[in-house]
$ cat target.tsv   # TSV, C-alpha atoms
chain	number	residue	atom	x	y	z
A	1	MET	CA	-155.67	-36.82	138.37
A	2	SER	CA	-158.72	-38.09	136.52
A	3	PRO	CA	-158.24	-39.91	133.21
A	4	VAL	CA	-159.16	-37.81	130.19
A	5	PRO	CA	-162.09	-39.35	128.28
A	6	THR	CA	-161.17	-40.60	124.82
A	7	THR	CA	-162.55	-43.11	122.38
A	8	ALA	CA	-160.26	-45.55	124.17
A	9	SER	CA	-162.17	-45.39	127.44
A	10	PRO	CA	-160.45	-46.79	130.50
A	11	GLY	CA	-163.67	-48.25	131.80
A	12	GLY	CA	-163.36	-51.89	132.79
A	13	HIS	CA	-167.00	-52.75	133.43
A	14	PRO	CA	-167.48	-56.42	132.66
A	15	GLY	CA	-171.16	-56.25	131.90
A	16	SER	CA	-170.86	-54.29	128.68
A	17	GLY	CA	-170.25	-56.01	125.42
A	18	GLY	CA	-169.67	-59.52	126.75
A	19	ALA	CA	-166.55	-61.01	128.25
A	20	GLU	CA	-164.00	-58.94	126.39
A	21	ARG	CA	-163.59	-55.27	125.59
A	22	ARG	CA	-160.82	-53.85	123.46
A	23	THR	CA	-160.07	-50.29	122.53
A	24	HIS	CA	-158.38	-49.17	119.37
A	25	PRO	CA	-155.05	-47.40	119.03
A	26	ALA	CA	-154.99	-43.99	117.41
A	27	GLY	CA	-152.35	-43.13	114.83
A	28	ASN	CA	-149.09	-45.00	114.25
A	29	PRO	CA	-146.69	-45.90	117.11
A	30	THR	CA	-143.82	-43.76	115.84
A	31	SER	CA	-145.84	-40.54	115.80
A	32	ARG	CA	-147.37	-41.39	119.18
A	33	ARG	CA	-143.96	-41.90	120.80
A	34	SER	CA	-142.75	-38.56	119.46
A	35	ARG	CA	-145.44	-36.84	121.56
A	36	GLY	CA	-144.04	-38.08	124.86
A	37	PRO	CA	-143.57	-41.20	126.97
A	38	LEU	CA	-146.21	-43.88	127.22
A	39	TYR	CA	-147.13	-45.78	130.37
A	40	ALA	CA	-148.83	-49.14	130.77
A	41	ALA	CA	-150.64	-50.84	133.65
A	42	LEU	CA	-151.84	-54.44	133.76
A	43	ASP	CA	-154.01	-55.89	136.51
A	44	LEU	CA	-154.44	-59.68	136.56
A	45	GLY	CA	-157.07	-60.51	139.15
A	46	THR	CA	-159.07	-63.54	140.17
A	47	ASN	CA	-161.77	-62.78	137.61
A	48	ASN	CA	-160.42	-60.24	135.09
A	49	CYS	CA	-157.35	-59.41	133.04
A	50	ARG	CA	-157.15	-55.67	132.34
A	51	LEU	CA	-154.64	-53.48	130.53
A	52	LEU	CA	-154.38	-49.72	130.06
A	53	ILE	CA	-151.85	-47.80	127.95
A	54	ALA	CA	-151.79	-44.02	128.39
A	55	ARG	CA	-149.82	-40.82	127.94
A	56	PRO	CA	-149.60	-37.97	130.48
A	57	HIS	CA	-151.91	-35.10	129.58
A	58	GLU	CA	-151.79	-31.87	131.62
A	59	ASN	CA	-152.52	-32.98	135.21
A	60	SER	CA	-154.05	-36.25	134.10
A	61	PHE	CA	-153.48	-38.88	131.44
A	62	ARG	CA	-155.05	-39.75	128.10
A	63	VAL	CA	-155.84	-43.40	127.44
A	64	LEU	CA	-154.57	-44.62	124.08
A	65	ASP	CA	-155.41	-48.31	124.26
A	66	GLY	CA	-156.86	-50.87	126.61
A	67	PHE	CA	-158.07	-54.40	126.98
A	68	THR	CA	-160.43	-56.21	129.37
A	69	ARG	CA	-161.38	-59.87	129.43
A	70	ILE	CA	-163.08	-62.03	132.04
A	71	VAL	CA	-160.72	-65.00	132.48
A	72	ARG	CA	-161.84	-66.45	135.85
A	73	LEU	CA	-158.27	-67.35	136.74
A	74	GLY	CA	-159.38	-68.19	140.29
A	75	GLU	CA	-162.17	-70.56	139.24
A	76	GLY	CA	-162.20	-73.48	141.69
A	77	LEU	CA	-159.31	-72.02	143.70
A	78	SER	CA	-161.33	-71.77	146.92
A	79	THR	CA	-161.86	-75.53	146.94
A	80	THR	CA	-158.64	-76.88	145.38
A	81	GLY	CA	-156.09	-74.27	146.41
A	82	ARG	CA	-154.66	-74.37	142.88
A	83	LEU	CA	-155.11	-72.56	139.56
A	84	SER	CA	-156.77	-75.01	137.17
A	85	ASP	CA	-155.30	-75.89	133.78
A	86	ALA	CA	-158.35	-74.51	131.95
A	87	ALA	CA	-158.22	-71.22	133.88
A	88	MET	CA	-154.51	-70.81	133.18
A	89	GLU	CA	-155.01	-71.45	129.46
A	90	ARG	CA	-157.78	-68.81	129.29
A	91	THR	CA	-155.54	-66.37	131.07
A	92	MET	CA	-152.51	-67.11	128.89
A	93	GLU	CA	-154.55	-66.28	125.80
A	94	ALA	CA	-155.65	-62.93	127.28
A	95	LEU	CA	-152.10	-62.12	128.38
A	96	ARG	CA	-150.83	-62.96	124.88
A	97	LEU	CA	-153.15	-60.28	123.46
A	98	CYS	CA	-151.92	-57.84	126.11
A	99	ARG	CA	-148.32	-58.67	125.20
A	100	ASN	CA	-149.07	-57.86	121.57
A	101	LYS	CA	-150.48	-54.45	122.53
A	102	LEU	CA	-147.44	-53.70	124.67
A	103	ARG	CA	-145.13	-54.61	121.81
A	104	GLU	CA	-147.08	-52.34	119.48
A	105	HIS	CA	-146.99	-49.30	121.77
A	106	GLU	CA	-143.59	-49.82	123.43
A	107	PRO	CA	-144.35	-47.96	126.68
A	108	SER	CA	-141.36	-46.37	128.38
A	109	ARG	CA	-142.55	-47.54	131.80
A	110	MET	CA	-145.03	-50.19	132.84
A	111	ARG	CA	-146.11	-52.15	135.88
A	112	LEU	CA	-147.81	-55.51	135.51
A	113	ILE	CA	-149.40	-56.83	138.69
A	114	ALA	CA	-151.17	-60.01	139.78
A	115	THR	CA	-153.39	-60.13	142.85
A	116	GLU	CA	-155.31	-62.62	144.98
A	117	ALA	CA	-155.50	-65.66	142.70
A	118	CYS	CA	-151.74	-65.77	142.13
A	119	ARG	CA	-151.08	-64.72	145.75
A	120	SER	CA	-153.01	-67.58	147.31
A	121	ALA	CA	-152.68	-70.45	144.79
A	122	THR	CA	-150.06	-73.08	145.59
A	123	ASN	CA	-149.03	-72.96	141.92
A	124	GLY	CA	-149.28	-69.15	141.62
A	125	LEU	CA	-145.52	-68.58	141.38
A	126	GLU	CA	-145.24	-71.43	138.90
A	127	PHE	CA	-147.85	-69.74	136.70
A	128	ILE	CA	-146.08	-66.37	136.92
A	129	ALA	CA	-142.84	-68.09	135.83
A	130	ARG	CA	-144.66	-69.67	132.88
A	131	VAL	CA	-146.00	-66.28	131.79
A	132	GLU	CA	-142.47	-64.87	131.78
A	133	ARG	CA	-141.04	-67.90	130.00
A	134	GLU	CA	-143.66	-68.12	127.25
A	135	LEU	CA	-144.74	-64.49	126.82
A	136	GLY	CA	-141.84	-62.45	128.18
A	137	LEU	CA	-144.14	-60.60	130.58
A	138	VAL	CA	-142.79	-60.12	134.11
A	139	LEU	CA	-145.76	-60.03	136.46
A	140	GLU	CA	-145.38	-58.83	140.05
A	141	ILE	CA	-147.53	-60.45	142.73
A	142	VAL	CA	-148.42	-57.51	144.97
A	143	ASP	CA	-149.36	-57.80	148.61
A	144	ARG	CA	-152.79	-56.82	149.87
A	145	GLN	CA	-151.70	-53.48	151.31
A	146	THR	CA	-150.18	-52.43	147.98
A	147	GLU	CA	-153.39	-53.46	146.24
A	148	ALA	CA	-155.47	-51.32	148.60
A	149	SER	CA	-153.12	-48.33	148.21
A	150	LEU	CA	-153.21	-48.50	144.41
A	151	ALA	CA	-157.01	-48.66	144.41
A	152	VAL	CA	-157.12	-45.56	146.64
A	153	THR	CA	-154.74	-43.72	144.31
A	154	GLY	CA	-156.87	-44.62	141.28
A	155	CYS	CA	-160.12	-43.40	142.84
A	156	ALA	CA	-158.92	-40.53	145.02
A	157	ASP	CA	-160.18	-37.65	142.89
A	158	LEU	CA	-163.76	-38.92	143.31
A	159	ILE	CA	-163.67	-38.32	147.06
A	160	GLU	CA	-165.79	-35.26	147.83
A	161	GLU	CA	-163.72	-32.18	148.66
A	162	SER	CA	-165.82	-31.31	151.71
A	163	SER	CA	-165.59	-34.79	153.23
A	164	ALA	CA	-163.66	-35.40	156.43
A	165	GLY	CA	-162.89	-38.87	155.12
A	166	ALA	CA	-164.14	-41.81	153.10
A	167	LEU	CA	-164.28	-45.58	153.19
A	168	MET	CA	-163.13	-46.99	149.87
A	169	PHE	CA	-163.87	-50.60	148.99
A	170	ASP	CA	-162.79	-52.69	146.04
A	171	ILE	CA	-164.77	-55.92	145.62
A	172	GLY	CA	-162.60	-58.34	143.70
A	173	GLY	CA	-162.92	-61.93	142.54
A	174	GLY	CA	-160.94	-63.57	145.34
A	175	SER	CA	-160.49	-60.77	147.88
A	176	SER	CA	-161.96	-57.40	148.74
A	177	GLU	CA	-159.96	-54.41	149.93
A	178	LEU	CA	-161.15	-51.69	152.29
A	179	ALA	CA	-159.32	-48.48	153.12
A	180	TRP	CA	-160.42	-45.84	155.63
A	181	LEU	CA	-159.17	-42.39	154.61
A	182	ASP	CA	-159.11	-39.74	157.33
A	183	PHE	CA	-158.51	-36.11	156.28
A	184	ARG	CA	-159.09	-34.47	159.66
A	185	GLY	CA	-155.36	-33.78	159.91
A	186	GLY	CA	-155.16	-32.41	156.35
A	187	ARG	CA	-155.75	-33.71	152.85
A	188	PRO	CA	-152.87	-34.49	150.44
A	189	ARG	CA	-152.67	-32.09	147.51
A	190	ARG	CA	-151.51	-34.68	144.99
A	191	GLN	CA	-153.62	-37.66	144.04
A	192	GLY	CA	-150.53	-39.84	143.99
A	193	ARG	CA	-150.05	-39.14	147.71
A	194	MET	CA	-153.64	-39.89	148.76
A	195	SER	CA	-152.74	-43.29	150.19
A	196	SER	CA	-150.79	-41.48	152.93
A	197	SER	CA	-154.19	-40.62	154.46
A	198	ILE	CA	-155.13	-44.28	154.95
A	199	ARG	CA	-155.81	-44.65	158.68
A	200	SER	CA	-156.75	-48.32	158.52
A	201	TRP	CA	-157.16	-50.95	155.83
A	202	GLN	CA	-158.23	-54.55	155.53
A	203	SER	CA	-158.11	-57.22	152.86
A	204	LEU	CA	-161.06	-59.58	153.19
A	205	PRO	CA	-160.40	-63.14	151.98
A	206	VAL	CA	-163.74	-63.01	150.14
A	207	GLY	CA	-164.62	-61.95	146.62
A	208	VAL	CA	-167.40	-62.52	144.11
A	209	VAL	CA	-165.94	-65.79	142.81
A	210	SER	CA	-165.17	-67.30	146.23
A	211	ILE	CA	-168.60	-66.31	147.63
A	212	ALA	CA	-170.35	-67.72	144.55
A	213	GLU	CA	-168.45	-71.00	144.92
A	214	LYS	CA	-169.31	-71.25	148.62
A	215	PHE	CA	-172.99	-70.25	148.51
A	216	GLY	CA	-173.98	-70.44	144.83
A	217	GLY	CA	-174.75	-67.50	142.59
A	218	VAL	CA	-177.40	-68.75	140.18
A	219	ASP	CA	-180.49	-69.28	142.34
A	220	VAL	CA	-180.03	-66.91	145.27
A	221	THR	CA	-182.91	-66.87	147.75
A	222	PRO	CA	-183.33	-64.07	150.31
A	223	GLN	CA	-182.06	-66.49	152.97
A	224	THR	CA	-179.00	-67.43	150.89
A	225	PHE	CA	-178.26	-63.74	150.42
A	226	GLU	CA	-178.49	-63.12	154.19
A	227	ASP	CA	-176.16	-66.06	154.79
A	228	MET	CA	-173.64	-64.48	152.41
A	229	VAL	CA	-173.93	-61.12	154.17
A	230	ALA	CA	-173.45	-62.73	157.60
A	231	PHE	CA	-170.37	-64.60	156.38
A	232	VAL	CA	-168.75	-61.38	155.13
A	233	ALA	CA	-169.81	-59.49	158.28
A	234	GLY	CA	-167.81	-61.97	160.36
A	235	HIS	CA	-164.64	-60.89	158.52
A	236	LEU	CA	-165.47	-57.17	158.88
A	237	ARG	CA	-165.36	-57.49	162.67
A	238	GLN	CA	-161.59	-57.78	162.37
A	239	PHE	CA	-161.27	-54.27	160.86
A	240	ARG	CA	-158.87	-52.22	162.98
A	241	GLY	CA	-160.63	-49.06	164.16
A	242	ARG	CA	-164.07	-50.46	163.33
A	243	GLU	CA	-165.86	-48.57	166.11
A	244	LYS	CA	-163.87	-45.37	165.62
A	245	LEU	CA	-164.83	-45.33	161.96
A	246	ARG	CA	-168.48	-45.76	162.89
A	247	GLN	CA	-168.15	-42.84	165.32
A	248	MET	CA	-166.51	-40.67	162.66
A	249	ILE	CA	-169.37	-41.42	160.24
A	250	ALA	CA	-171.86	-40.32	162.91
A	251	GLU	CA	-170.06	-37.05	163.63
A	252	HIS	CA	-168.47	-35.95	160.33
A	253	PRO	CA	-169.25	-35.91	156.59
A	254	VAL	CA	-167.99	-39.30	155.37
A	255	HIS	CA	-169.08	-41.29	152.34
A	256	LEU	CA	-168.42	-44.67	150.78
A	257	ILE	CA	-166.63	-44.99	147.46
A	258	GLY	CA	-166.93	-48.28	145.63
A	259	THR	CA	-164.81	-49.56	142.76
A	260	SER	CA	-165.85	-52.90	141.30
A	261	GLY	CA	-168.08	-54.49	138.72
A	262	THR	CA	-170.66	-55.00	141.46
A	263	VAL	CA	-171.06	-51.30	142.18
A	264	THR	CA	-170.94	-50.19	138.55
A	265	THR	CA	-173.56	-52.83	137.70
A	266	LEU	CA	-175.85	-51.48	140.41
A	267	ALA	CA	-175.31	-47.98	139.03
A	268	GLY	CA	-176.21	-49.09	135.51
A	269	LEU	CA	-179.39	-50.76	136.80
A	270	HIS	CA	-180.28	-47.70	138.88
A	271	LEU	CA	-179.93	-45.44	135.83
A	272	GLY	CA	-181.95	-47.84	133.67
A	273	LEU	CA	-179.24	-47.96	131.01
A	274	GLU	CA	-180.00	-49.96	127.89
A	275	ARG	CA	-176.27	-50.56	127.59
A	276	TYR	CA	-173.47	-49.82	130.01
A	277	GLU	CA	-172.07	-46.29	129.62
A	278	ARG	CA	-168.98	-45.52	131.64
A	279	GLN	CA	-169.31	-41.74	131.37
A	280	LYS	CA	-172.71	-41.90	133.08
A	281	VAL	CA	-171.62	-44.32	135.80
A	282	ASP	CA	-168.12	-43.17	136.83
A	283	GLY	CA	-168.55	-40.57	139.57
A	284	LEU	CA	-172.28	-41.21	140.06
A	285	TRP	CA	-173.68	-40.61	143.54
A	286	MET	CA	-176.20	-43.12	144.88
A	287	THR	CA	-178.18	-42.58	148.08
A	288	ARG	CA	-178.87	-45.28	150.62
A	289	ALA	CA	-182.45	-45.52	149.29
A	290	ASP	CA	-181.16	-45.83	145.70
A	291	VAL	CA	-178.94	-48.77	146.65
A	292	ASP	CA	-181.72	-50.44	148.67
A	293	ALA	CA	-184.18	-50.24	145.78
A	294	THR	CA	-181.68	-51.44	143.18
A	295	MET	CA	-180.48	-54.37	145.29
A	296	ASN	CA	-184.07	-55.44	145.98
A	297	ALA	CA	-184.84	-55.35	142.27
A	298	LEU	CA	-181.74	-57.41	141.53
A	299	LEU	CA	-182.61	-59.96	144.23
A	300	GLY	CA	-186.00	-60.39	142.59
A	301	MET	CA	-184.49	-60.88	139.14
A	302	PRO	CA	-184.28	-64.53	138.00
A	303	PHE	CA	-181.00	-65.82	136.62
A	304	ASP	CA	-182.08	-65.77	132.97
A	305	ARG	CA	-183.05	-62.10	133.25
A	306	ARG	CA	-179.68	-61.31	134.79
A	307	VAL	CA	-178.00	-63.08	131.87
A	308	ALA	CA	-180.06	-61.06	129.38
A	309	HIS	CA	-179.60	-57.71	131.09
A	310	PRO	CA	-177.16	-55.51	129.13
A	311	CYS	CA	-175.54	-54.15	132.31
A	312	ILE	CA	-174.88	-57.66	133.69
A	313	GLY	CA	-174.45	-60.30	130.96
A	314	LYS	CA	-173.81	-64.03	131.10
A	315	ASP	CA	-170.26	-63.72	132.45
A	316	ARG	CA	-171.40	-61.79	135.54
A	317	ALA	CA	-174.90	-63.16	136.09
A	318	ASP	CA	-173.79	-65.64	138.77
A	319	LEU	CA	-171.38	-63.20	140.45
A	320	VAL	CA	-173.39	-60.00	140.84
A	321	LEU	CA	-175.45	-61.11	143.87
A	322	PRO	CA	-172.42	-62.44	145.77
A	323	GLY	CA	-170.85	-59.03	145.08
A	324	CYS	CA	-173.97	-57.30	146.37
A	325	ALA	CA	-173.75	-59.37	149.57
A	326	ILE	CA	-170.21	-58.07	150.19
A	327	PHE	CA	-171.38	-54.51	149.53
A	328	GLU	CA	-174.39	-54.98	151.80
A	329	ALA	CA	-172.22	-56.24	154.68
A	330	ILE	CA	-170.04	-53.12	154.35
A	331	ARG	CA	-173.10	-50.83	154.25
A	332	ARG	CA	-174.59	-52.39	157.36
A	333	GLU	CA	-171.32	-52.18	159.28
A	334	TRP	CA	-170.68	-48.54	158.34
A	335	PRO	CA	-173.95	-46.94	157.22
A	336	THR	CA	-173.49	-43.71	155.27
A	337	GLU	CA	-176.06	-41.68	153.39
A	338	ARG	CA	-174.27	-41.84	150.04
A	339	VAL	CA	-171.88	-43.94	148.01
A	340	ARG	CA	-169.88	-42.72	145.03
A	341	VAL	CA	-169.42	-45.13	142.14
A	342	ALA	CA	-165.98	-45.47	140.56
A	343	ASP	CA	-165.37	-47.17	137.23
A	344	ARG	CA	-161.64	-47.02	137.83
A	345	GLY	CA	-159.21	-48.61	140.22
A	346	LEU	CA	-155.92	-50.50	140.22
A	347	ARG	CA	-154.81	-49.76	136.66
A	348	GLU	CA	-155.49	-46.06	137.03
A	349	GLY	CA	-153.68	-46.12	140.37
A	350	ILE	CA	-150.64	-47.73	138.75
A	351	LEU	CA	-150.58	-45.16	135.93
A	352	ILE	CA	-150.92	-42.22	138.32
A	353	SER	CA	-148.13	-43.62	140.52
A	354	LEU	CA	-145.75	-44.13	137.58
A	355	ILE	CA	-146.43	-40.69	136.11
A	356	ASP	CA	-146.19	-39.03	139.52
A	357	ALA	CA	-142.85	-40.71	140.26
A	358	ASP	CA	-141.38	-39.60	136.92
A	359	ARG	CA	-142.54	-36.02	137.42
A	360	ALA	CA	-140.97	-36.00	140.90
A	361	ASP	CA	-137.71	-37.38	139.48
A	362	ARG	CA	-137.62	-34.70	136.79
A	363	GLY	CA	-138.29	-32.02	139.40
A	364	ASN	CA	-135.47	-33.31	141.61
A	365	THR	CA	-133.11	-33.38	138.62
A	366	ARG	CA	-133.90	-29.76	137.75
A	367	ARG	CA	-133.39	-28.63	141.35
A	368	SER	CA	-130.02	-30.40	141.59
A	369	ARG	CA	-128.61	-28.58	138.55

$ encode --input "target.tsv" --output "structure tokens"
Amino acid sequence: MSPVPTTASPGGHPGSGGAERRTHPAGNPTSRRSRGPLYAALDLGTNNCRLLIARPHENSFRVLDGFTRIVRLGEGLSTTGRLSDAAMERTMEALRLCRNKLREHEPSRMRLIATEACRSATNGLEFIARVERELGLVLEIVDRQTEASLAVTGCADLIEESSAGALMFDIGGGSSELAWLDFRGGRPRRQGRMSSSIRSWQSLPVGVVSIAEKFGGVDVTPQTFEDMVAFVAGHLRQFRGREKLRQMIAEHPVHLIGTSGTVTTLAGLHLGLERYERQKVDGLWMTRADVDATMNALLGMPFDRRVAHPCIGKDRADLVLPGCAIFEAIRREWPTERVRVADRGLREGILISLIDADRADRGNTRRSR
């Protein structure tokens, strides 16, 4: 169930157009509602606040409106254990704009989730309560397994049909999720059921913000980068089925699939884009040699050039190399010949799950009559 391209693209790449991207509603709300139910998905992460509003369309959905802003909610969290006042204020302002969009569209069903920053902060629940009190938005702090499952659901239709499995990874701000999908016993027919093929998963307590705060992200030397990779590699050793996955990669067609600003940034650099274009990046295949060359070029790029690059920008310039270090640790642990780039993830997974559940309910109702 791939999202149907519209002028309101679901792409959430943070390197395009600065810290915030908004899409524009089409038509008036009354006429839109008359054409069927609307669904909304909000993902509040350590680094980004993202919203999608969509309507089912054939076997997919059509995006009507969306919003993305870099809020850095988890800034300083790795050292203080708390969400800072400044970070919460930035996030409240972004959530207020999301609330306004939700009021305008009046979706029939929505799911609003918060992830690692709110999960791990000592004042995370307090912040969630404040959001409900001041904005009327009820955010759900999801566990790490749910986060991994939703990411798989959002990206599932990019997994190659002929593959025996895939390793999906989602590099976040405060954590990174990995999910090993094994289709050797059969592949689910519906995208909404793809998470049932997860053989093993892991949530790493590392993300682009936490790595940047630990090692620095502005002036990254080759040695600093290797130190980052080694730190992440230590966490990957805890992956259940680590050796069996490596054996499967050696014996069967398996590829990586990456969903994060890190991977989409690398794709934009690889393609030499003058500005980020989601339709060229989402679904792109990159070979091992492509990734090697692009990472080396990025490592040789001084901070000011990263800031000026249209596929990176000032809000990601200090985070992209920490993200690359997480990606590199995954590649070294489980080397595959190709990786598929996904400019989609949790929000799309939420929408697919909501739509799928409603369709199943309607089918059960019809059968019971």

$ residues_around --input "target.tsv" --residues "Ser203 in chain A" --least-positions-apart "2" --cutoff "9 Å" --atoms "all atoms listed in the file" --output "PyMOL selection string"
chain A and resi 144-145+147-148+175-179+201+205-206

$ atom_distance --input "target.tsv" --atom1 "CA of Leu97 in chain A" --atom2 "CA of Val208 in chain A"
25.2 Å

$ atom_distance --input "target.tsv" --atom1 "CA of Gln238 in chain A" --atom2 "CA of Leu181 in chain A"
17.4 Å

$ closest_residue --input "target.tsv" --among "A:Met110, A:Ala233, A:Met228, A:Met286" --to "Gly216 in chain A" --atoms "only C-alpha atoms"
A:Met228

$ closest_residue --input "target.tsv" --among "A:Phe61, A:Ser108, A:Gly66, A:Leu346" --to "Pro37 in chain A" --atoms "only C-alpha atoms"
A:Ser108

$ atom_distance --input "target.tsv" --atom1 "CA of Asn48 in chain A" --atom2 "CA of Thr91 in chain A"
8.8 Å

$ residues_around --input "target.tsv" --residues "His252 in chain A" --least-positions-apart "6" --cutoff "9 Å" --atoms "all atoms listed in the file" --output "PyMOL selection string"
chain A and resi 163-165

$ residues_around --input "target.tsv" --residues "Arg193 in chain A" --least-positions-apart "5" --cutoff "9 Å" --atoms "all atoms listed in the file" --output "PyMOL selection string"
chain A and resi 153+188+353

$ residues_near_point --input "target.tsv" --point "(-147.5, -69.8, 138.0)" --cutoff "12 Å" --atoms "only C-alpha atoms" --output "PDB file with C-alpha atoms, keeping the file's coordinate frame"
ATOM      1  CA  LEU A  73    -158.270 -67.350 136.740  1.00  0.00           C
ATOM      2  CA  ARG A  82    -154.660 -74.370 142.880  1.00  0.00           C
ATOM      3  CA  LEU A  83    -155.110 -72.560 139.560  1.00  0.00           C
ATOM      4  CA  SER A  84    -156.770 -75.010 137.170  1.00  0.00           C
ATOM      5  CA  ASP A  85    -155.300 -75.890 133.780  1.00  0.00           C
ATOM      6  CA  ALA A  87    -158.220 -71.220 133.880  1.00  0.00           C
ATOM      7  CA  MET A  88    -154.510 -70.810 133.180  1.00  0.00           C
ATOM      8  CA  GLU A  89    -155.010 -71.450 129.460  1.00  0.00           C
ATOM      9  CA  THR A  91    -155.540 -66.370 131.070  1.00  0.00           C
ATOM     10  CA  MET A  92    -152.510 -67.110 128.890  1.00  0.00           C
ATOM     11  CA  ALA A 114    -151.170 -60.010 139.780  1.00  0.00           C
ATOM     12  CA  ALA A 117    -155.500 -65.660 142.700  1.00  0.00           C
ATOM     13  CA  CYS A 118    -151.740 -65.770 142.130  1.00  0.00           C
ATOM     14  CA  ARG A 119    -151.080 -64.720 145.750  1.00  0.00           C
ATOM     15  CA  SER A 120    -153.010 -67.580 147.310  1.00  0.00           C
ATOM     16  CA  ALA A 121    -152.680 -70.450 144.790  1.00  0.00           C
ATOM     17  CA  THR A 122    -150.060 -73.080 145.590  1.00  0.00           C
ATOM     18  CA  ASN A 123    -149.030 -72.960 141.920  1.00  0.00           C
ATOM     19  CA  GLY A 124    -149.280 -69.150 141.620  1.00  0.00           C
ATOM     20  CA  LEU A 125    -145.520 -68.580 141.380  1.00  0.00           C
ATOM     21  CA  GLU A 126    -145.240 -71.430 138.900  1.00  0.00           C
ATOM     22  CA  PHE A 127    -147.850 -69.740 136.700  1.00  0.00           C
ATOM     23  CA  ILE A 128    -146.080 -66.370 136.920  1.00  0.00           C
ATOM     24  CA  ALA A 129    -142.840 -68.090 135.830  1.00  0.00           C
ATOM     25  CA  ARG A 130    -144.660 -69.670 132.880  1.00  0.00           C
ATOM     26  CA  VAL A 131    -146.000 -66.280 131.790  1.00  0.00           C
ATOM     27  CA  GLU A 132    -142.470 -64.870 131.780  1.00  0.00           C
ATOM     28  CA  ARG A 133    -141.040 -67.900 130.000  1.00  0.00           C
ATOM     29  CA  GLU A 134    -143.660 -68.120 127.250  1.00  0.00           C
ATOM     30  CA  VAL A 138    -142.790 -60.120 134.110  1.00  0.00           C
ATOM     31  CA  LEU A 139    -145.760 -60.030 136.460  1.00  0.00           C
ATOM     32  CA  GLU A 140    -145.380 -58.830 140.050  1.00  0.00           C
ATOM     33  CA  ILE A 141    -147.530 -60.450 142.730  1.00  0.00           C
TER      34      ILE A 141
END

$ decode --input "target.tsv" --residues "range 281-293 of chain A" --atoms "N, CA and C atoms" --output "PDB file, in the first residue's frame"
ATOM      1  N   VAL A 281      14.054   9.954  -4.688  1.00  0.00           N
ATOM      2  CA  VAL A 281      14.770   9.279  -3.603  1.00  0.00           C
ATOM      3  C   VAL A 281      14.010   8.064  -3.077  1.00  0.00           C
ATOM      4  N   ASP A 282      12.702   8.196  -2.854  1.00  0.00           N
ATOM      5  CA  ASP A 282      11.918   7.118  -2.269  1.00  0.00           C
ATOM      6  C   ASP A 282      11.900   5.912  -3.199  1.00  0.00           C
ATOM      7  N   GLY A 283      12.419   4.791  -2.725  1.00  0.00           N
ATOM      8  CA  GLY A 283      12.489   3.584  -3.542  1.00  0.00           C
ATOM      9  C   GLY A 283      13.798   3.401  -4.290  1.00  0.00           C
ATOM     10  N   LEU A 284      14.715   4.363  -4.166  1.00  0.00           N
ATOM     11  CA  LEU A 284      16.004   4.273  -4.865  1.00  0.00           C
ATOM     12  C   LEU A 284      16.835   3.101  -4.329  1.00  0.00           C
ATOM     13  N   TRP A 285      17.473   2.383  -5.241  1.00  0.00           N
ATOM     14  CA  TRP A 285      18.440   1.353  -4.860  1.00  0.00           C
ATOM     15  C   TRP A 285      19.836   1.947  -4.873  1.00  0.00           C
ATOM     16  N   MET A 286      20.620   1.676  -3.825  1.00  0.00           N
ATOM     17  CA  MET A 286      22.029   2.061  -3.796  1.00  0.00           C
ATOM     18  C   MET A 286      22.862   0.807  -3.557  1.00  0.00           C
ATOM     19  N   THR A 287      23.930   0.657  -4.341  1.00  0.00           N
ATOM     20  CA  THR A 287      24.831  -0.472  -4.153  1.00  0.00           C
ATOM     21  C   THR A 287      25.790  -0.183  -3.001  1.00  0.00           C
ATOM     22  N   ARG A 288      26.507  -1.228  -2.598  1.00  0.00           N
ATOM     23  CA  ARG A 288      27.506  -1.044  -1.546  1.00  0.00           C
ATOM     24  C   ARG A 288      28.534   0.005  -1.971  1.00  0.00           C
ATOM     25  N   ALA A 289      28.966  -0.039  -3.233  1.00  0.00           N
ATOM     26  CA  ALA A 289      29.954   0.922  -3.734  1.00  0.00           C
ATOM     27  C   ALA A 289      29.383   2.337  -3.746  1.00  0.00           C
ATOM     28  N   ASP A 290      28.099   2.473  -4.082  1.00  0.00           N
ATOM     29  CA  ASP A 290      27.455   3.798  -4.063  1.00  0.00           C
ATOM     30  C   ASP A 290      27.505   4.404  -2.663  1.00  0.00           C
ATOM     31  N   VAL A 291      27.159   3.585  -1.661  1.00  0.00           N
ATOM     32  CA  VAL A 291      27.135   4.075  -0.281  1.00  0.00           C
ATOM     33  C   VAL A 291      28.552   4.419   0.173  1.00  0.00           C
ATOM     34  N   ASP A 292      29.521   3.557  -0.140  1.00  0.00           N
ATOM     35  CA  ASP A 292      30.916   3.828   0.229  1.00  0.00           C
ATOM     36  C   ASP A 292      31.369   5.178  -0.316  1.00  0.00           C
ATOM     37  N   ALA A 293      31.140   5.395  -1.597  1.00  0.00           N
ATOM     38  CA  ALA A 293      31.609   6.627  -2.242  1.00  0.00           C
ATOM     39  C   ALA A 293      30.924   7.860  -1.653  1.00  0.00           C
TER      40      ALA A 293
END
